[in-house]
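Shown next: model_14.tsv, containing TSV, C-alpha atoms.
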```tsv
chain	number	residue	atom	x	y	z
U	1	MET	CA	48.30	88.83	-53.55
U	2	LEU	CA	44.65	87.78	-53.63
U	3	ASP	CA	42.47	89.35	-50.92
U	4	LEU	CA	41.20	86.29	-49.06
U	5	ARG	CA	38.70	88.34	-47.09
U	6	LYS	CA	36.55	88.54	-50.22
U	7	LEU	CA	36.34	84.73	-50.38
U	8	PRO	CA	34.10	82.42	-48.29
U	9	LEU	CA	35.48	81.24	-44.95
U	10	GLU	CA	35.84	77.68	-46.31
U	11	ALA	CA	38.10	78.94	-49.10
U	12	GLN	CA	40.17	80.99	-46.66
U	13	LEU	CA	40.71	78.00	-44.34
U	14	THR	CA	41.55	75.75	-47.29
U	15	ALA	CA	44.19	78.22	-48.41
U	16	LEU	CA	45.56	78.26	-44.85
U	17	LEU	CA	45.83	74.44	-44.82
U	18	ASP	CA	47.54	74.49	-48.23
U	19	GLY	CA	50.05	77.16	-47.13
U	20	GLU	CA	48.78	79.58	-49.79
U	21	VAL	CA	48.52	82.63	-47.52
U	22	SER	CA	50.80	85.49	-46.66
U	23	PRO	CA	52.15	85.91	-43.09
U	24	GLU	CA	49.63	88.71	-42.48
U	25	GLN	CA	46.74	86.59	-43.76
U	26	ARG	CA	47.91	83.62	-41.66
U	27	HIS	CA	48.02	85.80	-38.54
U	28	GLU	CA	44.53	87.17	-39.24
U	29	LEU	CA	43.05	83.67	-39.79
U	30	GLU	CA	44.74	82.25	-36.67
U	31	GLN	CA	43.24	85.08	-34.63
U	32	ARG	CA	39.82	84.24	-36.09
U	33	LEU	CA	40.28	80.55	-35.19
U	34	ALA	CA	41.24	81.49	-31.64
U	35	SER	CA	38.03	83.48	-31.09
U	36	ASP	CA	35.47	81.73	-33.36
U	37	GLU	CA	34.34	78.24	-32.34
U	38	ASN	CA	32.44	77.66	-35.62
U	39	ALA	CA	35.57	78.54	-37.59
U	40	ARG	CA	37.62	76.10	-35.49
U	41	ARG	CA	35.08	73.33	-36.09
U	42	LEU	CA	35.10	73.98	-39.86
U	43	HIS	CA	38.92	74.10	-39.90
U	44	GLU	CA	39.06	70.74	-38.10
U	45	LYS	CA	36.65	69.18	-40.61
U	46	LEU	CA	38.69	70.46	-43.55
U	47	ARG	CA	41.93	69.21	-41.97
U	48	HIS	CA	40.54	65.72	-41.33
U	49	GLY	CA	39.10	65.61	-44.86
U	50	ALA	CA	42.43	66.58	-46.40
U	51	ASP	CA	44.34	64.04	-44.28
U	52	PHE	CA	41.89	61.27	-45.15
U	53	GLY	CA	42.05	62.07	-48.88
U	54	ARG	CA	45.85	62.17	-48.77
U	55	ARG	CA	46.05	58.76	-47.06
U	56	ARG	CA	43.59	57.18	-49.50
U	57	LEU	CA	45.56	58.55	-52.48
U	58	GLU	CA	48.79	57.13	-51.05
U	59	ASP	CA	47.11	53.74	-50.56
U	60	VAL	CA	45.84	53.73	-54.15
U	61	LEU	CA	49.27	54.64	-55.52
U	62	LYS	CA	50.82	51.77	-53.57
U	63	GLU	CA	48.45	49.17	-55.03
U	64	PRO	CA	50.06	46.97	-57.70
U	65	VAL	CA	48.74	46.97	-61.25
U	66	PRO	CA	46.46	43.92	-61.66
U	67	LEU	CA	48.19	41.07	-63.48
U	68	ALA	CA	45.20	40.60	-65.79
U	69	LEU	CA	45.48	44.21	-66.96
U	70	VAL	CA	49.22	43.83	-67.65
U	71	ARG	CA	48.59	40.68	-69.68
U	72	SER	CA	45.76	42.37	-71.59
U	73	ILE	CA	47.99	45.30	-72.54
U	74	LYS	CA	50.84	43.02	-73.65
U	75	SER	CA	48.52	40.81	-75.73
U	76	THR	CA	46.82	43.67	-77.57
U	77	GLN	CA	47.58	43.51	-81.30
U	78	PRO	CA	48.29	46.68	-83.30
U	79	PRO	CA	45.67	47.61	-85.92
U	80	LYS	CA	46.17	45.93	-89.29
U	81	THR	CA	44.66	48.76	-91.31
U	82	PRO	CA	46.99	51.72	-91.64
U	83	ILE	CA	45.65	54.78	-89.95
U	84	ALA	CA	45.33	57.69	-92.35
U	85	GLN	CA	47.58	60.52	-91.43
U	86	ARG	CA	45.81	63.60	-90.37
U	87	ALA	CA	46.43	66.81	-92.21
U	88	THR	CA	49.14	68.76	-90.54
U	89	ARG	CA	47.72	71.71	-88.77
U	90	PRO	CA	49.59	74.94	-88.44
U	91	GLN	CA	51.21	75.23	-85.05
U	92	VAL	CA	49.75	77.91	-82.89
U	93	LYS	CA	51.93	79.43	-80.23
U	94	LEU	CA	49.90	79.96	-77.08
U	95	SER	CA	51.21	82.90	-75.15
U	96	PRO	CA	48.61	84.14	-72.65
U	97	SER	CA	48.59	87.78	-71.85
U	98	GLY	CA	48.98	89.12	-68.31
U	99	PRO	CA	45.21	89.41	-67.63
U	100	GLN	CA	44.61	85.93	-69.08
U	101	ALA	CA	47.30	84.39	-66.85
U	102	LEU	CA	45.83	86.12	-63.79
U	103	ALA	CA	42.34	84.89	-64.65
U	104	ALA	CA	43.60	81.33	-65.08
U	105	ALA	CA	45.37	81.48	-61.72
U	106	LEU	CA	42.20	82.71	-60.02
U	107	ILE	CA	40.15	79.92	-61.60
U	108	LEU	CA	42.63	77.26	-60.42
U	109	PHE	CA	42.63	78.76	-56.93
U	110	VAL	CA	38.81	78.71	-56.71
U	111	VAL	CA	38.69	75.11	-58.01
U	112	GLY	CA	41.23	74.04	-55.38
U	113	CYS	CA	39.25	75.74	-52.64
U	114	GLY	CA	36.09	74.03	-53.87
U	115	ILE	CA	37.69	70.60	-53.71
U	116	GLY	CA	38.87	71.20	-50.16
U	117	TYR	CA	35.47	72.53	-49.19
U	118	PHE	CA	33.52	69.54	-50.52
U	119	VAL	CA	35.97	67.09	-48.92
U	120	GLY	CA	35.63	68.93	-45.61
U	121	ILE	CA	31.82	68.98	-45.65
U	122	SER	CA	31.44	65.40	-46.88
U	123	PRO	CA	28.97	63.38	-44.79
U	124	ASP	CA	30.36	62.42	-41.42
U	125	ALA	CA	29.90	59.05	-39.72
U	126	ASP	CA	26.43	59.94	-38.34
U	127	GLU	CA	25.15	60.78	-41.83
U	128	ILE	CA	26.73	57.66	-43.33
U	129	ALA	CA	25.15	55.44	-40.71
U	130	THR	CA	21.73	57.10	-41.20
U	131	THR	CA	21.94	56.74	-44.97
U	132	THR	CA	22.88	53.07	-44.83
U	133	ALA	CA	20.59	52.11	-41.95
U	134	THR	CA	17.84	50.96	-44.34
U	135	ALA	CA	20.21	48.65	-46.22
U	136	PRO	CA	21.33	45.33	-44.70
U	137	ALA	CA	24.91	45.45	-43.40
U	138	ASN	CA	27.33	43.20	-45.19
U	139	THR	CA	28.79	41.51	-42.12
U	140	SER	CA	30.93	39.14	-44.19
U	141	ASP	CA	32.77	41.97	-45.98
U	142	TRP	CA	33.23	43.91	-42.76
U	143	LEU	CA	34.81	40.91	-41.00
U	144	SER	CA	36.96	40.10	-44.03
U	145	ASP	CA	38.34	43.65	-44.04
U	146	VAL	CA	39.05	43.53	-40.30
U	147	THR	CA	40.86	40.20	-40.78
U	148	ALA	CA	42.95	41.64	-43.61
U	149	TYR	CA	44.00	44.67	-41.53
U	150	GLN	CA	44.83	42.39	-38.58
U	151	ARG	CA	47.14	40.31	-40.79
U	152	LEU	CA	48.75	43.56	-41.95
U	153	LEU	CA	49.44	44.57	-38.33
U	154	ILE	CA	51.06	41.22	-37.58
U	155	ARG	CA	53.42	41.66	-40.52
U	156	GLN	CA	54.51	45.20	-39.57
U	157	PRO	CA	54.88	45.26	-35.75
U	158	ARG	CA	57.03	48.42	-35.89
U	159	HIS	CA	54.22	50.43	-37.51
U	160	LEU	CA	51.13	49.43	-35.55
U	161	VAL	CA	49.24	52.72	-35.16
U	162	GLU	CA	48.64	56.15	-36.67
U	163	VAL	CA	48.24	57.93	-33.31
U	164	PRO	CA	50.22	56.55	-30.33
U	165	ALA	CA	48.71	55.80	-26.93
U	166	SER	CA	50.48	58.83	-25.41
U	167	GLN	CA	48.09	61.12	-27.35
U	168	ALA	CA	44.93	59.94	-25.58
U	169	GLU	CA	42.93	63.15	-26.12
U	170	GLU	CA	43.72	63.19	-29.84
U	171	ILE	CA	42.61	59.55	-30.16
U	172	SER	CA	39.32	60.25	-28.38
U	173	SER	CA	38.37	63.34	-30.42
U	174	TRP	CA	39.68	61.89	-33.71
U	175	LEU	CA	37.86	58.54	-33.57
U	176	THR	CA	34.66	60.02	-32.14
U	177	THR	CA	34.53	62.47	-35.06
U	178	ALA	CA	35.58	59.97	-37.75
U	179	ILE	CA	33.43	57.02	-36.60
U	180	GLY	CA	30.58	58.81	-34.83
U	181	VAL	CA	30.68	56.46	-31.83
U	182	PRO	CA	31.52	57.51	-28.25
U	183	PHE	CA	33.91	55.10	-26.57
U	184	ARG	CA	36.48	54.55	-23.82
U	185	VAL	CA	39.85	52.87	-24.27
U	186	PRO	CA	39.65	49.64	-22.21
U	187	ASP	CA	42.46	49.04	-19.70
U	188	LEU	CA	43.66	45.49	-20.39
U	189	SER	CA	46.90	45.69	-18.42
U	190	GLY	CA	45.50	43.16	-15.94
U	191	GLU	CA	45.40	40.65	-18.81
U	192	SER	CA	48.98	41.59	-19.86
U	193	TRP	CA	47.87	43.60	-22.92
U	194	THR	CA	49.38	47.07	-23.38
U	195	PHE	CA	47.54	49.75	-25.36
U	196	GLN	CA	49.69	50.96	-28.28
U	197	GLY	CA	47.41	53.46	-30.01
U	198	ALA	CA	44.72	53.78	-32.68
U	199	ARG	CA	44.06	53.75	-36.40
U	200	VAL	CA	41.13	54.40	-38.76
U	201	ILE	CA	40.53	51.65	-41.30
U	202	LEU	CA	37.78	50.82	-43.80
U	203	GLY	CA	35.31	47.99	-43.25
U	204	ASP	CA	32.88	47.33	-46.09
U	205	SER	CA	33.77	50.84	-47.42
U	206	ARG	CA	32.89	52.57	-44.14
U	207	PRO	CA	35.18	54.10	-41.48
U	208	VAL	CA	36.12	51.81	-38.60
U	209	GLY	CA	37.97	52.67	-35.38
U	210	GLN	CA	40.77	50.30	-34.41
U	211	LEU	CA	42.40	50.20	-30.94
U	212	VAL	CA	45.63	48.18	-30.99
U	213	TYR	CA	47.23	46.27	-28.08
U	214	SER	CA	50.29	44.03	-27.74
U	215	ASN	CA	51.79	41.76	-25.06
U	216	ASN	CA	55.29	40.74	-24.01
U	217	ASP	CA	55.19	37.72	-26.35
U	218	GLY	CA	54.78	39.98	-29.39
U	219	ASP	CA	51.14	39.02	-29.97
U	220	ILE	CA	48.75	41.69	-31.24
U	221	ILE	CA	45.02	42.17	-30.71
U	222	SER	CA	42.77	44.96	-31.94
U	223	ILE	CA	39.32	46.20	-31.01
U	224	CYS	CA	37.42	47.39	-34.09
U	225	PHE	CA	34.11	49.25	-33.95
U	226	ARG	CA	31.78	51.09	-36.31
U	227	LYS	CA	28.31	52.62	-36.25
U	228	ASP	CA	25.78	50.19	-37.67
U	229	ALA	CA	22.14	49.10	-37.74
U	230	GLN	CA	22.28	45.43	-36.77
U	231	PRO	CA	18.94	43.79	-35.88
U	232	PRO	CA	18.23	43.25	-32.14
U	233	GLU	CA	18.46	39.46	-32.54
U	234	THR	CA	22.11	39.64	-33.65
U	235	ASP	CA	24.19	36.94	-31.95
U	236	ASP	CA	26.58	38.42	-29.42
U	237	PHE	CA	30.08	37.10	-28.63
U	238	LYS	CA	30.12	34.88	-31.67
U	239	GLU	CA	33.60	33.49	-32.29
U	240	THR	CA	34.96	32.88	-35.80
U	241	ILE	CA	38.33	31.40	-36.76
U	242	LYS	CA	40.01	32.50	-40.01
U	243	ASP	CA	43.30	30.58	-40.13
U	244	GLU	CA	45.66	32.31	-37.66
U	245	ILE	CA	43.13	35.04	-36.79
U	246	GLY	CA	40.37	34.65	-34.24
U	247	LEU	CA	37.38	37.02	-34.27
U	248	VAL	CA	34.78	37.66	-31.57
U	249	THR	CA	31.83	39.84	-32.62
U	250	TRP	CA	29.13	41.57	-30.61
U	251	HIS	CA	26.70	44.48	-30.93
U	252	ASN	CA	25.48	47.15	-28.53
U	253	ALA	CA	23.53	50.41	-28.83
U	254	GLY	CA	23.81	50.74	-32.60
U	255	THR	CA	27.50	49.86	-32.69
U	256	SER	CA	29.18	46.72	-34.02
U	257	TYR	CA	32.37	45.48	-32.34
U	258	VAL	CA	35.04	42.94	-33.29
U	259	LEU	CA	37.93	41.69	-31.19
U	260	ALA	CA	40.63	40.32	-33.52
U	261	GLY	CA	43.58	38.36	-32.18
U	262	PRO	CA	45.56	35.12	-32.42
U	263	SER	CA	43.27	32.13	-32.99
U	264	ALA	CA	45.46	30.20	-30.53
U	265	GLU	CA	44.38	32.55	-27.71
U	266	ALA	CA	41.99	30.37	-25.69
U	267	ALA	CA	40.52	33.23	-23.64
U	268	LEU	CA	39.67	35.50	-26.58
U	269	ASP	CA	35.91	35.29	-25.92
U	270	GLN	CA	36.36	36.08	-22.22
U	271	LEU	CA	38.53	39.04	-23.11
U	272	ALA	CA	35.82	40.28	-25.49
U	273	MET	CA	33.24	40.17	-22.66
U	274	LYS	CA	35.53	42.27	-20.46
U	275	ILE	CA	36.07	44.77	-23.29
U	276	ALA	CA	32.30	45.01	-23.90
U	277	THR	CA	31.75	46.27	-20.35
U	278	ALA	CA	34.68	48.70	-20.48
U	279	ILE	CA	34.45	50.29	-23.92
```

Final structure tokens representation of the file:
Amino acid sequence: MLDLRKLPLEAQLTALLDGEVSPEQRHELEQRLASDENARRLHEKLRHGADFGRRRLEDVLKEPVPLALVRSIKSTQPPKTPIAQRATRPQVKLSPSGPQALAAALILFVVGCGIGYFVGISPDADEIATTTATAPANTSDWLSDVTAYQRLLIRQPRHLVEVPASQAEEISSWLTTAIGVPFRVPDLSGESWTFQGARVILGDSRPVGQLVYSNNDGDIISICFRKDAQPPETDDFKETIKDEIGLVTWHNAGTSYVLAGPSAEAALDQLAMKIATAI
């Protein structure tokens, strides 16, 4: 068994997340996490990075193959000129020795730890917002992505959120870390909207927090927010209709907000003003 104590802390925590530790090593690392705040913070970053990468990979695997690519493959003609056969090479039987196999295993382990480490220390929302602050925000793409996710919610009412409303502390710490924006979950029960939970989505390739609500009629609204650098003269409470989806946008203290809901909801702009004072 590899002695993890000789490896950096990031590699040890990555191995713990991947289940590649012995019971004794797990006990030792859990004791370290219980007493070391920096280790706990690093472990949380690595865990969120791994979860985010896993979800993105699952999303990519679910995407259909573009029709144009399928047609291109089917229409490709085989080469007319015969390909010269290559000289047959003698087959070599690769049978690594014990030390070679051990070295290969160690290399693979270190590479895996490195991947987990770089995912875990990837720039957080504050760094992303600072990096992109000098570039103009693509408001059109951001609203288009929010609209697409809202349509997705409407079509799958049984799978609205990633973290349910009952886990309020998890939602607060998770979204604050992922988005880099402090917030409060608005209480909209007086307007007959019940908080269901939260998700993290992508808007114009950047992380966006999404708070999801529903009412007794089965309608769904969501409050989406992200850290941004909108100019001070940005129009607040601007309403946009995209077919069955209504959007109300506003901006405050370096954060962009969107309320997405049914376009038939007449009081959507008034609801957005109430949310702006509560969030």

- Item | CA of Arg40 (chain U) to CA of Arg26 (chain U), straight-line distance in Å |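 Atom-to-atom, CA of Arg26 (chain U) to CA of Arg40 (chain U), that is 14.2 Å.
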
- Message: Show me, as a PyMOL selection string, the residues that have an atom within 7 Å of Ala198 (chain U) when counting only C-alpha atoms, minus same-chain residues fewer than 2 positions from it.
- Response: chain U and resi 161-164+171+210-212

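Here CA of Ala266 (chain U) and CA of Glu191 (chain U) stand 12.8 Å from one another.
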
- What is the distance between CA of Val248 (chain U) and CA of Asp236 (chain U), in Å to one decimal? 8.5 Å

- Message: Need the shell around Val208 (chain U): protein/DNA/RNA residues with any atom at most 12 Å away, counting only C-alpha atoms. Skip same-chain ones fewer than 6 positions apart. Format as a PyMOL selection string?
- Response: chain U and resi 125+129+142-143+145-146+149+174-181+198-202+222-228+255-258

Is it possible to get the axis-aligned box enclosing region 258-262 of chain U (all listed atoms, 6 Å extra per side) as AutoDock Vina command-line options, with centre and edge lengths in Å rounded to one decimal?
```
--center_x 40.3 --center_y 39.0 --center_z -32.4 --size_x 22.5 --size_y 19.8 --size_z 14.3
```

- Ref. answer, residues at most 8 Å from (42.6, 32.3, -34.7) with all atoms listed in the file, as a list in words: Thr240, Ile241, Lys242, Asp243, Glu244, Ile245, Gly246, Leu247, Gly261, Pro262, Ser263, Ala264 and Glu265 of chain U

- Query: Could you name the residues that touch Ile154 (chain U) at 8 Å or less, counting all atoms listed in the file, but leaving out those on the same chain fewer than 3 positions away, as number ranges by chain?
  - Reply: U: 150-151, 157, 219-220

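In terms of minimum interatomic distance to Gln167 (chain U), U:Gly197 ranks closest within U:Asn216, U:Pro186, U:Gly49, U:Gly197, counting only C-alpha atoms.
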
- Query: Of the candidates U:Ala50, U:Leu29, U:Ala278, U:Ala15, which shows the shortest atom-to-atom distance to Asp187 (chain U), using only C-alpha atoms?
  - Reply: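 Closest candidate: U:Ala278.
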
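Counting all atoms listed in the file and comparing U:Glu239, U:Gly218, U:Lys6, U:Trp250, the residue that lies closest to Arg155 (chain U) is U:Gly218.
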
- Choose the residue, out of U:Trp193, U:Ile221, U:Asp51, U:Glu24, that has the smallest atom-to-atom separation from Leu152 (chain U); count all atoms listed in the file. U:Ile221

- Query: Within 9 Å of (46.2, 84.4, -44.5), in the coordinates the file gives, what residues turn up when you count only C-alpha atoms, written out as a ChimeraX atom specification?
  - Reply: /U:3-5,12-13,15-16,19-30
